[in-house]
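Chemist: Structure below; questions to follow.
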Amino acid sequence: MDELLLALDVGNTNTVVGLFAGDELRTRWRLTTHAERTADEVGLWLSQLLHWEGVEPADLAAVAVASVVPPMDPRLRDGVQRYLDRAPFFVEPGIRTGMPLRVDAPQELGADRLCDAVAAYAEHGGPCVVVDFGTAVTWEVVSAAGEYLGGAIAPGPGVTADALSSKTAKLPQVAMAPPPRVIGKGTVDSIQSGLFYGYLGLIEGVTRRILDELGEATVVATGGLAGAFAPHSDLIQHVEPDLTLQGLRLLWRLNREEAR
């Protein structure tokens with residue numbers, strides 16, 4: 001029977017929880033991140049998800065976490081330890097990455113960004129570029145030799161949409177989707193046009209400049225809005241919604257094997 005790994009990608013807006021059976025992602029849940037969640041809430045929350053899948057905590061080989069919300073980390077550790085009886089593996093400075101980090105401050109690299117880079121290189125080789133559509137849009141750049149070269153960070157579409165709505169008196173919140181035409185005929189489709197095609201221009205502009213420096217490379221998109229933007233760009237070659245979880249699985253496995 002394939003061993004079970006519970007993987008948590010804890011982002012600023014959403015937490016994606018995946019249950020792996022061996023290399024296969026058996027199921028996944030996307031939930032709202034609450035930084036104030038207590039250790040008991042974390043433990044009960046994860047226990048309930050497992051219960052719905054017919055999995056007992058004792059069935060788990062491990063729990064792995066990639067978190068970019070530091071205030072939650074102690075409560076995640078405590079909740080997992082108390083309710084699932086596992087000491088969780090965290091993607092954090094000092095772990096083995098299997099990937100040279102050619103950046104000025106490797107300890108500052110976000111756990112999700114490292115997971116994306118590791119998974120993209122494992123799947124597609126290098127050079128490759130990952131565009132992750134999250135609360136922030138991030139670009140991860142990996143060389144042909146499998147070195148993490150750095151990247152770029154910009155505010156995500158949702159952040160900008162929220163700011164536009166909250167900082168203006170008459171502009172409503174709108175869905176992040178392409179309108180029927182670029183020239184809007186009303187307020188809603190005008191906002192949609194500016195947000196969607198503005199971000200598409202941002203994505204393509206930064207990606208093209210990265211490719212100008214790097215050379216020809218595979219471009220992979222991930223994150224919640226990747227599927228909305230990718231069909232409108234000829235630069236994005238692959239969409240992989242679960243890239244971060246896959247990278248988390250690979251990093252957990254590498255560190256477990258190295259510890260043996």
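Ligands are numbered from 1 in the order shown, residues from 1 within each chain, and chains are lettered A, B, ... in the order they appear in the structure tokens.
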Write out as CSV a residue-level contact list of stretch 127-231 of chain A versus stretch 60-82 of chain A with cut-off 12 Å: for each qualifying residue the closest pair of atoms and the distance in Å to one decimal, counting only C-alpha atoms, rows sorted by chain and residue number upward.
Modeler:
```
residue,atom,partner,partner_atom,distance
A:Gly134,CA,A:Val68,CA,11.5
A:Thr135,CA,A:Val68,CA,10.9
A:Ala136,CA,A:Val68,CA,11.3
```
Chemist: If you keep N, CA and C atoms, can you produce a file of those selected residues as a compact mmCIF listing (two decimals), in the first residue's frame?
Modeler:
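Done, and the output landed in result-v4.txt:
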```txt
# COMPACT_ATOMS: atom_id res chain seq x y z
N GLY A 134 -0.66 33.82 -6.94
CA GLY A 134 -1.18 33.74 -5.58
C GLY A 134 -1.56 35.13 -5.09
N THR A 135 -1.54 35.32 -3.76
CA THR A 135 -1.76 36.66 -3.21
C THR A 135 -0.75 37.63 -3.81
N ALA A 136 0.48 37.15 -3.98
CA ALA A 136 1.48 37.81 -4.81
C ALA A 136 1.70 36.97 -6.05
```
Chemist: Could you name the residues that touch A:Thr33 at 10 Å or less, counting only C-alpha atoms, but leaving out those on the same chain fewer than 5 positions away, as a list in words?
Modeler: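 In the requested format, the answer is Val10, Gly11, Asn12, Thr13, Asn14, Thr15, Val16, Val69 and Met72 of chain A.
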Chemist: Restrict the selected residues to N, CA and C atoms and save them as a short mmCIF file (atom, residue, chain, number, x, y, z; two decimals), in the first residue's frame.
Modeler:
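Below is the file that was written, result.cif:
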```cif
data_model
loop_
_atom_site.label_atom_id
_atom_site.label_comp_id
_atom_site.auth_asym_id
_atom_site.auth_seq_id
_atom_site.Cartn_x
_atom_site.Cartn_y
_atom_site.Cartn_z
N VAL A 10 0.49 26.58 3.00
CA VAL A 10 -0.18 27.62 3.77
C VAL A 10 0.18 28.98 3.18
N GLY A 11 -0.78 29.59 2.46
CA GLY A 11 -0.56 30.88 1.85
C GLY A 11 -1.26 31.98 2.62
N ASN A 12 -1.04 33.22 2.20
CA ASN A 12 -1.63 34.35 2.90
C ASN A 12 -3.14 34.40 2.77
N THR A 13 -3.67 33.94 1.65
CA THR A 13 -5.12 33.96 1.42
C THR A 13 -5.75 32.60 1.60
N ASN A 14 -5.14 31.58 1.00
CA ASN A 14 -5.69 30.23 1.07
C ASN A 14 -4.66 29.23 1.57
N THR A 15 -5.16 28.17 2.16
CA THR A 15 -4.34 27.02 2.51
C THR A 15 -4.83 25.84 1.68
N VAL A 16 -3.91 25.26 0.91
CA VAL A 16 -4.24 24.08 0.11
C VAL A 16 -3.69 22.86 0.82
N VAL A 69 3.17 32.08 6.32
CA VAL A 69 2.46 32.82 7.36
C VAL A 69 3.11 32.47 8.71
N MET A 72 1.38 31.51 12.12
CA MET A 72 0.66 30.25 12.22
C MET A 72 1.57 29.06 12.53
#
```
Chemist: Name the residues in contact with A:Pro155 at a cut-off of 10 Å, using only C-alpha atoms, excluding same-chain residues fewer than 3 positions from it; report them as a PyMOL selection string.
Modeler: chain A and resi 133-138+158-160+199
Chemist: Got time to write the residues from that selection, N, CA and C atoms, as a JSON list (two decimals), in the first residue's frame?
Modeler:
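And here is the file that came out, out10.json:
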```json
[["chain", "number", "residue", "atom", "x", "y", "z"],
["A", 133, "PHE", "N", 0.42, 32.35, -9.52],
["A", 133, "PHE", "CA", -0.63, 33.34, -9.31],
["A", 133, "PHE", "C", -1.23, 33.16, -7.93],
["A", 134, "GLY", "N", -0.66, 33.82, -6.94],
["A", 134, "GLY", "CA", -1.18, 33.74, -5.58],
["A", 134, "GLY", "C", -1.56, 35.13, -5.09],
["A", 135, "THR", "N", -1.54, 35.32, -3.76],
["A", 135, "THR", "CA", -1.76, 36.66, -3.21],
["A", 135, "THR", "C", -0.75, 37.63, -3.81],
["A", 136, "ALA", "N", 0.48, 37.15, -3.98],
["A", 136, "ALA", "CA", 1.48, 37.81, -4.81],
["A", 136, "ALA", "C", 1.70, 36.97, -6.05],
["A", 137, "VAL", "N", 2.05, 37.62, -7.17],
["A", 137, "VAL", "CA", 2.49, 36.87, -8.34],
["A", 137, "VAL", "C", 4.01, 36.76, -8.24],
["A", 138, "THR", "N", 4.51, 35.53, -8.33],
["A", 138, "THR", "CA", 5.96, 35.33, -8.23],
["A", 138, "THR", "C", 6.47, 34.60, -9.47],
["A", 158, "GLY", "N", -5.75, 39.67, -7.07],
["A", 158, "GLY", "CA", -6.75, 39.84, -6.03],
["A", 158, "GLY", "C", -6.46, 41.01, -5.12],
["A", 159, "VAL", "N", -5.18, 41.23, -4.81],
["A", 159, "VAL", "CA", -4.78, 42.36, -3.96],
["A", 159, "VAL", "C", -5.14, 43.68, -4.64],
["A", 160, "THR", "N", -4.83, 43.77, -5.93],
["A", 160, "THR", "CA", -5.13, 44.99, -6.67],
["A", 160, "THR", "C", -6.63, 45.22, -6.79],
["A", 199, "TYR", "N", -3.07, 42.88, -15.92],
["A", 199, "TYR", "CA", -2.23, 41.83, -15.32],
["A", 199, "TYR", "C", -1.64, 40.91, -16.37]]
```
Chemist: For stretch 1-91 of chain A versus stretch 250-257 of chain A, which residues have an atom no more than 12 Å away, and what is each residue's nearest atom pair and distance in Å rounded to one decimal, using only C-alpha atoms, chain-then-number order, as a Markdown table?
Modeler:
```
| residue | atom | partner | partner_atom | distance |
| --- | --- | --- | --- | --- |
| A:Glu3 | CA | A:Arg253 | CA | 11.4 |
| A:Leu4 | CA | A:Arg253 | CA | 11.9 |
| A:Leu5 | CA | A:Trp252 | CA | 9.3 |
| A:Leu6 | CA | A:Trp252 | CA | 10.7 |
| A:Ala7 | CA | A:Trp252 | CA | 9.4 |
| A:Leu8 | CA | A:Trp252 | CA | 11.7 |
| A:Phe20 | CA | A:Leu250 | CA | 11.3 |
| A:Gly22 | CA | A:Arg253 | CA | 10.3 |
| A:Asp23 | CA | A:Leu250 | CA | 9.1 |
| A:Glu24 | CA | A:Leu250 | CA | 11.9 |
| A:Ala61 | CA | A:Arg256 | CA | 10.9 |
| A:Ala62 | CA | A:Trp252 | CA | 8.8 |
| A:Val63 | CA | A:Trp252 | CA | 8.9 |
| A:Ala64 | CA | A:Trp252 | CA | 6.6 |
| A:Val65 | CA | A:Trp252 | CA | 9.0 |
| A:Ala66 | CA | A:Leu251 | CA | 10.0 |
| A:Pro88 | CA | A:Trp252 | CA | 9.9 |
| A:Phe89 | CA | A:Trp252 | CA | 6.9 |
| A:Phe90 | CA | A:Trp252 | CA | 8.3 |
| A:Val91 | CA | A:Leu251 | CA | 7.6 |
```
Chemist: Take the residues that were just selected and, keeping C-alpha atoms, output them as a PDB file, in the first residue's frame.
Modeler:
```pdb
ATOM      1  CA  GLU A   3       2.339   5.538   2.079  1.00  0.00           C
ATOM      2  CA  LEU A   4       0.147   8.552   2.843  1.00  0.00           C
ATOM      3  CA  LEU A   5       1.540  12.069   3.107  1.00  0.00           C
ATOM      4  CA  LEU A   6      -0.547  15.030   4.253  1.00  0.00           C
ATOM      5  CA  ALA A   7       0.861  18.172   2.597  1.00  0.00           C
ATOM      6  CA  LEU A   8      -0.092  21.732   3.591  1.00  0.00           C
ATOM      7  CA  PHE A  20      -0.722  11.954  -1.368  1.00  0.00           C
ATOM      8  CA  GLY A  22       2.786   7.567  -2.900  1.00  0.00           C
ATOM      9  CA  ASP A  23       3.424   9.930  -5.833  1.00  0.00           C
ATOM     10  CA  GLU A  24      -0.275  10.365  -6.609  1.00  0.00           C
ATOM     11  CA  ALA A  61       3.553   8.422   7.055  1.00  0.00           C
ATOM     12  CA  ALA A  62       4.142  12.129   7.649  1.00  0.00           C
ATOM     13  CA  VAL A  63       2.805  15.671   7.541  1.00  0.00           C
ATOM     14  CA  ALA A  64       4.722  18.247   5.478  1.00  0.00           C
ATOM     15  CA  VAL A  65       4.204  22.021   5.566  1.00  0.00           C
ATOM     16  CA  ALA A  66       5.203  24.900   3.297  1.00  0.00           C
ATOM     17  CA  PRO A  88       5.553  17.964  10.914  1.00  0.00           C
ATOM     18  CA  PHE A  89       8.301  18.535   8.367  1.00  0.00           C
ATOM     19  CA  PHE A  90       8.587  22.243   7.503  1.00  0.00           C
ATOM     20  CA  VAL A  91      10.243  23.709   4.437  1.00  0.00           C
TER      21      VAL A  91
END
```
Chemist: How would you write, as a PyMOL selection string, the set of residues in stretch 44-189 of chain A that DSSP gives as strand (DSSP E)?
Modeler: chain A and resi 60-67+89-90+128-133+136-142+148-155
Chemist: Which residues are near stretch 215-221 of chain A? Cut-off 8 Å, only C-alpha atoms, ignore same chain within fewer than 3 positions. Put them as a PDB file with N, CA and C atoms, in the first residue's frame.
Modeler:
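Done, and the output landed in selection18.pdb:
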```pdb
ATOM      1  N   ALA A 120       9.004  22.115 -10.630  1.00  0.00           N
ATOM      2  CA  ALA A 120       9.082  22.422 -12.063  1.00  0.00           C
ATOM      3  C   ALA A 120      10.328  21.807 -12.682  1.00  0.00           C
ATOM      4  N   HIS A 124      10.076  19.187 -15.643  1.00  0.00           N
ATOM      5  CA  HIS A 124      10.370  19.705 -16.977  1.00  0.00           C
ATOM      6  C   HIS A 124      11.861  19.897 -17.255  1.00  0.00           C
ATOM      7  N   GLY A 126      15.547  21.914 -16.917  1.00  0.00           N
ATOM      8  CA  GLY A 126      15.834  23.338 -17.005  1.00  0.00           C
ATOM      9  C   GLY A 126      16.436  23.696 -18.349  1.00  0.00           C
ATOM     10  N   PRO A 127      16.487  24.980 -18.628  1.00  0.00           N
ATOM     11  CA  PRO A 127      15.986  26.074 -17.799  1.00  0.00           C
ATOM     12  C   PRO A 127      14.462  26.137 -17.807  1.00  0.00           C
ATOM     13  N   CYS A 128      13.912  26.635 -16.713  1.00  0.00           N
ATOM     14  CA  CYS A 128      12.468  26.784 -16.626  1.00  0.00           C
ATOM     15  C   CYS A 128      12.121  27.995 -15.782  1.00  0.00           C
ATOM     16  N   VAL A 129      10.920  28.502 -16.005  1.00  0.00           N
ATOM     17  CA  VAL A 129      10.390  29.647 -15.272  1.00  0.00           C
ATOM     18  C   VAL A 129       9.012  29.273 -14.758  1.00  0.00           C
ATOM     19  N   VAL A 130       8.769  29.511 -13.468  1.00  0.00           N
ATOM     20  CA  VAL A 130       7.452  29.273 -12.881  1.00  0.00           C
ATOM     21  C   VAL A 130       6.795  30.613 -12.582  1.00  0.00           C
ATOM     22  N   VAL A 131       5.550  30.775 -13.031  1.00  0.00           N
ATOM     23  CA  VAL A 131       4.740  31.939 -12.670  1.00  0.00           C
ATOM     24  C   VAL A 131       3.637  31.439 -11.744  1.00  0.00           C
ATOM     25  N   ASP A 132       3.658  31.915 -10.497  1.00  0.00           N
ATOM     26  CA  ASP A 132       2.688  31.465  -9.494  1.00  0.00           C
ATOM     27  C   ASP A 132       1.711  32.593  -9.200  1.00  0.00           C
ATOM     28  N   PHE A 133       0.422  32.347  -9.519  1.00  0.00           N
ATOM     29  CA  PHE A 133      -0.627  33.337  -9.311  1.00  0.00           C
ATOM     30  C   PHE A 133      -1.229  33.157  -7.930  1.00  0.00           C
ATOM     31  N   LEU A 211      13.063  35.935 -19.884  1.00  0.00           N
ATOM     32  CA  LEU A 211      13.536  35.089 -20.978  1.00  0.00           C
ATOM     33  C   LEU A 211      14.629  35.784 -21.784  1.00  0.00           C
ATOM     34  N   ASP A 212      14.578  37.114 -21.874  1.00  0.00           N
ATOM     35  CA  ASP A 212      15.647  37.849 -22.545  1.00  0.00           C
ATOM     36  C   ASP A 212      16.982  37.635 -21.836  1.00  0.00           C
ATOM     37  N   ALA A 226      -4.063  30.714 -12.414  1.00  0.00           N
ATOM     38  CA  ALA A 226      -3.248  30.307 -13.562  1.00  0.00           C
ATOM     39  C   ALA A 226      -4.128  29.873 -14.736  1.00  0.00           C
ATOM     40  N   ALA A 230      -3.575  31.702 -18.381  1.00  0.00           N
ATOM     41  CA  ALA A 230      -2.733  30.941 -19.310  1.00  0.00           C
ATOM     42  C   ALA A 230      -3.284  30.846 -20.730  1.00  0.00           C
ATOM     43  N   LEU A 235       3.092  32.618 -24.028  1.00  0.00           N
ATOM     44  CA  LEU A 235       4.353  32.357 -23.334  1.00  0.00           C
ATOM     45  C   LEU A 235       4.245  31.171 -22.382  1.00  0.00           C
ATOM     46  N   ILE A 236       3.047  30.946 -21.839  1.00  0.00           N
ATOM     47  CA  ILE A 236       2.851  29.888 -20.841  1.00  0.00           C
ATOM     48  C   ILE A 236       2.602  28.564 -21.555  1.00  0.00           C
ATOM     49  N   GLN A 237       3.456  27.588 -21.277  1.00  0.00           N
ATOM     50  CA  GLN A 237       3.374  26.298 -21.968  1.00  0.00           C
ATOM     51  C   GLN A 237       2.651  25.226 -21.170  1.00  0.00           C
ATOM     52  N   HIS A 238       2.686  25.333 -19.844  1.00  0.00           N
ATOM     53  CA  HIS A 238       2.055  24.312 -19.005  1.00  0.00           C
ATOM     54  C   HIS A 238       1.337  24.993 -17.837  1.00  0.00           C
ATOM     55  N   VAL A 239       0.192  24.427 -17.454  1.00  0.00           N
ATOM     56  CA  VAL A 239      -0.525  24.857 -16.250  1.00  0.00           C
ATOM     57  C   VAL A 239      -0.580  23.678 -15.297  1.00  0.00           C
ATOM     58  N   GLU A 240      -0.035  23.854 -14.108  1.00  0.00           N
ATOM     59  CA  GLU A 240       0.021  22.771 -13.128  1.00  0.00           C
ATOM     60  C   GLU A 240      -0.472  23.298 -11.777  1.00  0.00           C
ATOM     61  N   PRO A 241      -1.766  23.146 -11.487  1.00  0.00           N
ATOM     62  CA  PRO A 241      -2.348  23.735 -10.276  1.00  0.00           C
ATOM     63  C   PRO A 241      -1.710  23.234  -8.980  1.00  0.00           C
TER      64      PRO A 241
END
```
Chemist: When DSSP works through the backbone of this structure, what residues of stretch 10-188 of chain A end up as helix (DSSP H, G or I), shown as a PyMOL selection string?
Modeler: chain A and resi 39-52+57-59+70-84+106-108+111-124+157-166+187-188
Chemist: What does the structure give for the distance between atom CA of A:Leu101 and atom CA of A:Leu149, in Å to one decimal?
Modeler: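 Between atom CA of A:Leu101 and atom CA of A:Leu149 the gap works out to 6.7 Å.
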